[in-house]
Structures are given as C-alpha cells and as structure tokens.
Amino acid sequence: MENAQEIRFSLAFGYWDRARATLALIAERPVSLCMALLWPLCGVGLAAFALVKGRPITGELALAIALLFAFVPAMVLLGTAMTHYFHRQSREPFTYTFDGEGIHVAAVTYDFTHKWPAIFKVKRKRWFLMFFFSPGCAHCIPFRAIPDSAVQAALVSMAAAHGADVRSA
C-alpha cells in the first residue's frame, strides 16, 4: 500500500459516503452554509410571525414549517440518490495514487490528476480526509479507506511538503 514515493489505495463510494461528503462540503463554504441555514431560519420566522400575530399554529402551518426544516436534507439525499443510482461512473471503484506529482484518480471509464499546486488545503472532518482543489470542492477520502493513522499522516505530510495548508489536518 505504501512506499516512500507513493501511496495507493482503492475505494468505492457508497450512498451514505456521498451524502456525508455533500454535507461536509456545504459546511465548508460560508455562502453554501448560509443558503442551507436560510430554510430552517424561514421556518423559525414563520412560526414566530404566527405567534406574534396571535394566530394558532395549524396543521398547514406546522407542515410548512416542517418542510422548510426538511428542505436541505431532502435535497441532499435526493441529489445523492440521483448521482449514485443513475450515474454509472459514480459507482465505479476508484484507485487513488498519491505521489510527488499529485493526486491521481483512476476508474474504469476515466482517470485524472490534480497536481500538488492545485491542492491548497487539507482538512480532517468527522468522516473524511479532504484534499481541497477549489473552495467547496475536494477529494473526500473516507477514513475507512485509509484506517491506518500513519498512512493518513503520510498523506498530510506529502501535501504539506508541496505547499498545502494542513493546519486543519
């Protein structure tokens, strides 16, 4: 799996991996986070407006409030389902190779490389080691794919050696 110059592993992203990665990436961008929080805030505002005006919270109003709170999670789950079940390439096993050139991702139908100058930040989130190549866009590697903490540390140090910000890793 590992030598001094290269770290390689394979993984297949499951439905819940994709859903968690989407939620983690929403939390990374202030604009995305504000948009995601706007819906439940509207629900709170709707309830507060009804209470201030002395109107009872009827079944219709409660349903509207519940839908406002459920909108973003429902869209994440629906979008993840559409990608996972209808986009064949998303179910392919991916082989990640980290070396001196960058991050190489290979699958059955395609392969691509992000050279190290494109990786500007590495971050550990609850379920992922994330290699950001654009704000809100990252290679989200589940910790289950690299359970060995020494390998995780080697990946982080490799990114740091090529100029990535690893303070959050």
# chains A, B, ... in the order shown; residues from 1 in each chain; ligands from 1
>>> residues_around(residues="region 112-119 of chain A", least_positions_apart="5", cutoff="12 Å", atoms="only C-alpha atoms", output="short mmCIF file (atom, residue, chain, number, x, y, z; two decimals) with all heavy atoms, in the first residue's frame")
data_model
loop_
_atom_site.label_atom_id
_atom_site.label_comp_id
_atom_site.auth_asym_id
_atom_site.auth_seq_id
_atom_site.Cartn_x
_atom_site.Cartn_y
_atom_site.Cartn_z
N PHE A 94 -12.71 3.46 -7.30
CA PHE A 94 -11.68 4.46 -7.59
C PHE A 94 -10.36 4.00 -7.01
O PHE A 94 -10.32 3.51 -5.88
CB PHE A 94 -12.04 5.81 -6.99
CG PHE A 94 -13.30 6.41 -7.52
CD1 PHE A 94 -14.51 6.20 -6.89
CD2 PHE A 94 -13.28 7.18 -8.68
CE1 PHE A 94 -15.67 6.75 -7.38
CE2 PHE A 94 -14.44 7.73 -9.18
CZ PHE A 94 -15.64 7.52 -8.53
N THR A 95 -9.28 4.20 -7.75
CA THR A 95 -7.95 3.95 -7.23
C THR A 95 -7.26 5.31 -7.09
O THR A 95 -7.09 6.03 -8.08
CB THR A 95 -7.13 3.04 -8.17
OG1 THR A 95 -7.83 1.80 -8.31
CG2 THR A 95 -5.74 2.80 -7.61
N TYR A 96 -6.92 5.64 -5.88
CA TYR A 96 -6.21 6.88 -5.59
C TYR A 96 -4.73 6.58 -5.47
O TYR A 96 -4.34 5.63 -4.77
CB TYR A 96 -6.69 7.49 -4.27
CG TYR A 96 -7.97 8.26 -4.39
CD1 TYR A 96 -9.20 7.62 -4.31
CD2 TYR A 96 -7.96 9.63 -4.57
CE1 TYR A 96 -10.39 8.33 -4.42
CE2 TYR A 96 -9.13 10.35 -4.68
CZ TYR A 96 -10.34 9.70 -4.61
OH TYR A 96 -11.51 10.40 -4.71
N THR A 97 -3.92 7.39 -6.13
CA THR A 97 -2.47 7.29 -6.02
C THR A 97 -1.94 8.68 -5.67
O THR A 97 -2.20 9.64 -6.38
CB THR A 97 -1.83 6.80 -7.33
OG1 THR A 97 -2.44 5.57 -7.71
CG2 THR A 97 -0.34 6.59 -7.16
N PHE A 98 -1.23 8.76 -4.57
CA PHE A 98 -0.59 9.99 -4.13
C PHE A 98 0.90 9.83 -4.35
O PHE A 98 1.50 8.88 -3.82
CB PHE A 98 -0.87 10.25 -2.64
CG PHE A 98 -2.30 10.52 -2.32
CD1 PHE A 98 -3.25 9.52 -2.29
CD2 PHE A 98 -2.71 11.82 -2.05
CE1 PHE A 98 -4.57 9.77 -1.99
CE2 PHE A 98 -4.04 12.10 -1.75
CZ PHE A 98 -4.97 11.07 -1.72
N ASP A 99 1.50 10.72 -5.13
CA ASP A 99 2.94 10.66 -5.35
C ASP A 99 3.50 12.07 -5.46
O ASP A 99 2.80 13.04 -5.15
CB ASP A 99 3.27 9.81 -6.59
CG ASP A 99 2.68 10.35 -7.88
OD1 ASP A 99 2.31 11.55 -7.92
OD2 ASP A 99 2.60 9.58 -8.85
N GLY A 100 4.72 12.20 -5.89
CA GLY A 100 5.36 13.51 -5.97
C GLY A 100 4.71 14.45 -6.97
O GLY A 100 4.86 15.66 -6.88
N GLU A 101 3.98 13.91 -7.92
CA GLU A 101 3.33 14.75 -8.93
C GLU A 101 2.01 15.32 -8.44
O GLU A 101 1.67 16.46 -8.72
CB GLU A 101 3.08 13.92 -10.19
CG GLU A 101 2.52 14.72 -11.34
CD GLU A 101 2.26 13.86 -12.57
OE1 GLU A 101 2.59 12.67 -12.57
OE2 GLU A 101 1.71 14.42 -13.53
N GLY A 102 1.24 14.51 -7.70
CA GLY A 102 -0.05 14.98 -7.23
C GLY A 102 -0.95 13.83 -6.83
O GLY A 102 -0.49 12.75 -6.44
N ILE A 103 -2.25 14.05 -6.97
CA ILE A 103 -3.26 13.05 -6.64
C ILE A 103 -3.82 12.53 -7.96
O ILE A 103 -4.38 13.28 -8.75
CB ILE A 103 -4.40 13.65 -5.80
CG1 ILE A 103 -3.85 14.24 -4.50
CG2 ILE A 103 -5.47 12.62 -5.52
CD1 ILE A 103 -4.87 15.01 -3.68
N HIS A 104 -3.67 11.24 -8.18
CA HIS A 104 -4.18 10.59 -9.39
C HIS A 104 -5.38 9.75 -9.00
O HIS A 104 -5.32 8.98 -8.04
CB HIS A 104 -3.11 9.68 -10.01
CG HIS A 104 -1.78 10.33 -10.17
ND1 HIS A 104 -1.48 11.13 -11.25
CD2 HIS A 104 -0.67 10.32 -9.39
CE1 HIS A 104 -0.24 11.58 -11.13
NE2 HIS A 104 0.27 11.10 -10.00
N VAL A 105 -6.45 9.89 -9.74
CA VAL A 105 -7.66 9.11 -9.51
C VAL A 105 -7.96 8.35 -10.79
O VAL A 105 -8.09 8.95 -11.86
CB VAL A 105 -8.86 9.99 -9.13
CG1 VAL A 105 -10.08 9.14 -8.83
CG2 VAL A 105 -8.52 10.88 -7.95
N ALA A 106 -8.06 7.03 -10.67
CA ALA A 106 -8.34 6.20 -11.83
C ALA A 106 -9.57 5.35 -11.55
O ALA A 106 -9.77 4.86 -10.44
CB ALA A 106 -7.14 5.30 -12.14
N ALA A 107 -10.39 5.21 -12.57
CA ALA A 107 -11.57 4.35 -12.50
C ALA A 107 -11.65 3.59 -13.82
O ALA A 107 -10.75 3.71 -14.67
CB ALA A 107 -12.82 5.18 -12.26
N MET A 130 -9.94 15.44 3.63
CA MET A 130 -10.36 16.20 2.46
C MET A 130 -9.19 16.97 1.87
O MET A 130 -8.50 17.70 2.58
CB MET A 130 -11.48 17.16 2.85
CG MET A 130 -12.66 16.45 3.51
SD MET A 130 -13.82 17.56 4.29
CE MET A 130 -14.83 17.96 2.89
N PHE A 131 -8.99 16.80 0.56
CA PHE A 131 -7.95 17.50 -0.19
C PHE A 131 -8.64 18.49 -1.12
O PHE A 131 -9.21 18.10 -2.13
CB PHE A 131 -7.11 16.50 -0.99
CG PHE A 131 -6.31 15.58 -0.14
CD1 PHE A 131 -6.86 14.41 0.35
CD2 PHE A 131 -4.99 15.87 0.18
CE1 PHE A 131 -6.12 13.55 1.15
CE2 PHE A 131 -4.24 15.02 0.98
CZ PHE A 131 -4.81 13.86 1.46
N PHE A 132 -8.60 19.78 -0.76
CA PHE A 132 -9.34 20.81 -1.49
C PHE A 132 -8.55 21.28 -2.71
O PHE A 132 -7.39 21.66 -2.61
CB PHE A 132 -9.62 22.01 -0.59
CG PHE A 132 -10.69 21.74 0.41
CD1 PHE A 132 -10.40 21.16 1.63
CD2 PHE A 132 -12.00 22.05 0.12
CE1 PHE A 132 -11.39 20.89 2.54
CE2 PHE A 132 -13.02 21.79 1.03
CZ PHE A 132 -12.71 21.21 2.24
N PHE A 133 -9.23 21.28 -3.87
CA PHE A 133 -8.64 21.81 -5.09
C PHE A 133 -9.39 23.04 -5.57
O PHE A 133 -9.01 23.66 -6.56
CB PHE A 133 -8.57 20.74 -6.19
CG PHE A 133 -9.87 20.04 -6.47
CD1 PHE A 133 -10.77 20.55 -7.39
CD2 PHE A 133 -10.19 18.86 -5.81
CE1 PHE A 133 -11.95 19.90 -7.64
CE2 PHE A 133 -11.37 18.21 -6.07
CZ PHE A 133 -12.26 18.73 -6.99
N SER A 134 -10.47 23.40 -4.89
CA SER A 134 -11.25 24.59 -5.17
C SER A 134 -12.11 24.83 -3.92
O SER A 134 -12.41 23.88 -3.21
CB SER A 134 -12.13 24.34 -6.40
OG SER A 134 -12.96 25.44 -6.65
N PRO A 135 -12.50 26.07 -3.65
CA PRO A 135 -13.36 26.28 -2.49
C PRO A 135 -14.65 25.47 -2.64
O PRO A 135 -15.35 25.59 -3.63
CB PRO A 135 -13.64 27.78 -2.51
CG PRO A 135 -12.50 28.37 -3.28
CD PRO A 135 -12.13 27.33 -4.30
N CYS A 137 -14.84 22.31 -3.14
CA CYS A 137 -14.61 21.10 -3.95
C CYS A 137 -13.36 20.39 -3.42
O CYS A 137 -12.31 21.01 -3.31
CB CYS A 137 -14.39 21.45 -5.42
SG CYS A 137 -15.81 22.20 -6.20
N ALA A 138 -13.53 19.12 -3.12
CA ALA A 138 -12.41 18.40 -2.52
C ALA A 138 -12.49 16.91 -2.86
O ALA A 138 -13.57 16.39 -3.13
CB ALA A 138 -12.41 18.57 -1.01
N HIS A 139 -11.35 16.27 -2.82
CA HIS A 139 -11.32 14.82 -2.80
C HIS A 139 -11.64 14.44 -1.35
O HIS A 139 -10.87 14.76 -0.44
CB HIS A 139 -9.93 14.28 -3.15
CG HIS A 139 -9.54 14.53 -4.57
ND1 HIS A 139 -10.02 13.79 -5.61
CD2 HIS A 139 -8.71 15.46 -5.11
CE1 HIS A 139 -9.50 14.23 -6.73
NE2 HIS A 139 -8.70 15.25 -6.46
N LEU A 155 0.02 11.08 4.12
CA LEU A 155 -0.69 11.84 3.08
C LEU A 155 -0.71 13.33 3.41
O LEU A 155 -0.47 14.18 2.55
CB LEU A 155 -2.12 11.32 2.93
CG LEU A 155 -2.29 9.93 2.35
CD1 LEU A 155 -3.75 9.49 2.43
CD2 LEU A 155 -1.80 9.88 0.92
N VAL A 156 -0.96 13.64 4.67
CA VAL A 156 -0.98 15.04 5.10
C VAL A 156 0.40 15.67 4.95
O VAL A 156 0.55 16.78 4.44
CB VAL A 156 -1.51 15.16 6.55
CG1 VAL A 156 -1.32 16.57 7.09
CG2 VAL A 156 -2.98 14.75 6.62
N MET A 158 2.74 14.74 2.91
CA MET A 158 3.04 14.85 1.49
C MET A 158 2.41 16.12 0.93
O MET A 158 3.04 16.86 0.17
CB MET A 158 2.51 13.61 0.74
CG MET A 158 2.96 13.51 -0.69
SD MET A 158 2.28 12.06 -1.55
CE MET A 158 3.10 10.73 -0.70
N ALA A 159 1.17 16.40 1.33
CA ALA A 159 0.50 17.62 0.88
C ALA A 159 1.21 18.86 1.44
O ALA A 159 1.39 19.86 0.72
CB ALA A 159 -0.96 17.60 1.28
N ALA A 160 1.61 18.80 2.69
CA ALA A 160 2.31 19.93 3.31
C ALA A 160 3.64 20.20 2.60
O ALA A 160 4.02 21.35 2.40
CB ALA A 160 2.54 19.67 4.79
N ALA A 161 4.32 19.15 2.22
CA ALA A 161 5.61 19.31 1.53
C ALA A 161 5.45 19.99 0.18
O ALA A 161 6.40 20.58 -0.33
CB ALA A 161 6.27 17.93 1.35
N HIS A 162 4.26 19.94 -0.37
CA HIS A 162 4.01 20.57 -1.66
C HIS A 162 3.22 21.87 -1.52
O HIS A 162 2.65 22.36 -2.50
CB HIS A 162 3.29 19.59 -2.59
CG HIS A 162 4.15 18.46 -3.02
ND1 HIS A 162 4.20 17.28 -2.33
CD2 HIS A 162 5.03 18.34 -4.04
CE1 HIS A 162 5.06 16.47 -2.93
NE2 HIS A 162 5.58 17.09 -3.96
N GLY A 163 3.14 22.42 -0.32
CA GLY A 163 2.60 23.76 -0.13
C GLY A 163 1.15 23.86 0.31
O GLY A 163 0.61 24.95 0.40
N ALA A 164 0.49 22.74 0.57
CA ALA A 164 -0.92 22.81 1.01
C ALA A 164 -0.99 23.25 2.46
O ALA A 164 -0.12 22.92 3.28
CB ALA A 164 -1.59 21.46 0.83
N ASP A 165 -2.05 23.96 2.79
CA ASP A 165 -2.32 24.36 4.16
C ASP A 165 -2.88 23.14 4.90
O ASP A 165 -3.96 22.66 4.58
CB ASP A 165 -3.32 25.51 4.18
CG ASP A 165 -3.73 25.95 5.57
OD1 ASP A 165 -3.11 25.49 6.55
OD2 ASP A 165 -4.67 26.75 5.67
N VAL A 166 -2.15 22.65 5.90
CA VAL A 166 -2.57 21.45 6.61
C VAL A 166 -2.86 21.76 8.08
O VAL A 166 -2.92 20.83 8.89
CB VAL A 166 -1.51 20.32 6.49
CG1 VAL A 166 -1.37 19.89 5.05
CG2 VAL A 166 -0.18 20.75 7.06
#
>>> closest_residue(among="A:Ala145, A:Ile65, A:Ala21, A:Met35", to="Leu77 (chain A)", atoms="only C-alpha atoms")
A:Ala21
>>> select_by_dssp(residues="region 5-127 of chain A", states="strand (DSSP E)", output="list of chain:residue names")
A:Ile7, A:Arg8, A:Phe9, A:Ser10, A:Leu11, A:Phe94, A:Thr95, A:Tyr96, A:Thr97, A:Phe98, A:Gly102, A:Ile103, A:His104, A:Val105, A:Ala106, A:Asp111, A:Phe112, A:Thr113, A:His114, A:Lys115, A:Lys121, A:Val122, A:Lys123, A:Arg124
>>> write_last_selection(atoms="C-alpha atoms", output="PDB file, in the first residue's frame")
ATOM      1  CA  ILE A   7       0.653   5.801  -1.503  1.00  0.00           C
ATOM      2  CA  ARG A   8      -2.086   3.873  -3.294  1.00  0.00           C
ATOM      3  CA  PHE A   9      -5.478   2.541  -2.246  1.00  0.00           C
ATOM      4  CA  SER A  10      -8.842   1.719  -3.798  1.00  0.00           C
ATOM      5  CA  LEU A  11     -12.336   2.514  -2.623  1.00  0.00           C
ATOM      6  CA  PHE A  94     -11.678   4.457  -7.595  1.00  0.00           C
ATOM      7  CA  THR A  95      -7.948   3.950  -7.233  1.00  0.00           C
ATOM      8  CA  TYR A  96      -6.208   6.882  -5.589  1.00  0.00           C
ATOM      9  CA  THR A  97      -2.469   7.294  -6.015  1.00  0.00           C
ATOM     10  CA  PHE A  98      -0.593   9.994  -4.131  1.00  0.00           C
ATOM     11  CA  GLY A 102      -0.048  14.977  -7.225  1.00  0.00           C
ATOM     12  CA  ILE A 103      -3.259  13.053  -6.645  1.00  0.00           C
ATOM     13  CA  HIS A 104      -4.175  10.592  -9.388  1.00  0.00           C
ATOM     14  CA  VAL A 105      -7.663   9.106  -9.508  1.00  0.00           C
ATOM     15  CA  ALA A 106      -8.338   6.202 -11.832  1.00  0.00           C
ATOM     16  CA  ASP A 111      -8.631   8.909 -14.894  1.00  0.00           C
ATOM     17  CA  PHE A 112      -7.386  12.334 -13.945  1.00  0.00           C
ATOM     18  CA  THR A 113      -4.700  14.057 -11.924  1.00  0.00           C
ATOM     19  CA  HIS A 114      -4.714  17.064  -9.640  1.00  0.00           C
ATOM     20  CA  LYS A 115      -1.138  18.279  -9.425  1.00  0.00           C
ATOM     21  CA  LYS A 121      -5.803  22.855   1.759  1.00  0.00           C
ATOM     22  CA  VAL A 122      -6.093  19.542   3.579  1.00  0.00           C
ATOM     23  CA  LYS A 123      -8.665  19.124   6.308  1.00  0.00           C
ATOM     24  CA  ARG A 124      -9.902  16.356   8.569  1.00  0.00           C
TER      25      ARG A 124
END
>>> atom_distance(atom1="CA of Met82 (chain A)", atom2="CA of Glu60 (chain A)")
29.4 Å
>>> atom_distance(atom1="CA of Trp39 (chain A)", atom2="CA of Asp17 (chain A)")
24.0 Å
>>> atom_distance(atom1="CA of Ala12 (chain A)", atom2="CA of Ala154 (chain A)")
21.6 Å
>>> closest_residue(among="A:Glu28, A:Gly79, A:Ser149, A:Ala50", to="Ala62 (chain A)", atoms="only C-alpha atoms")
A:Ala50
>>> closest_residue(among="A:Ala81, A:Ala70, A:Leu61, A:Leu129", to="Leu37 (chain A)", atoms="only C-alpha atoms")
A:Ala70
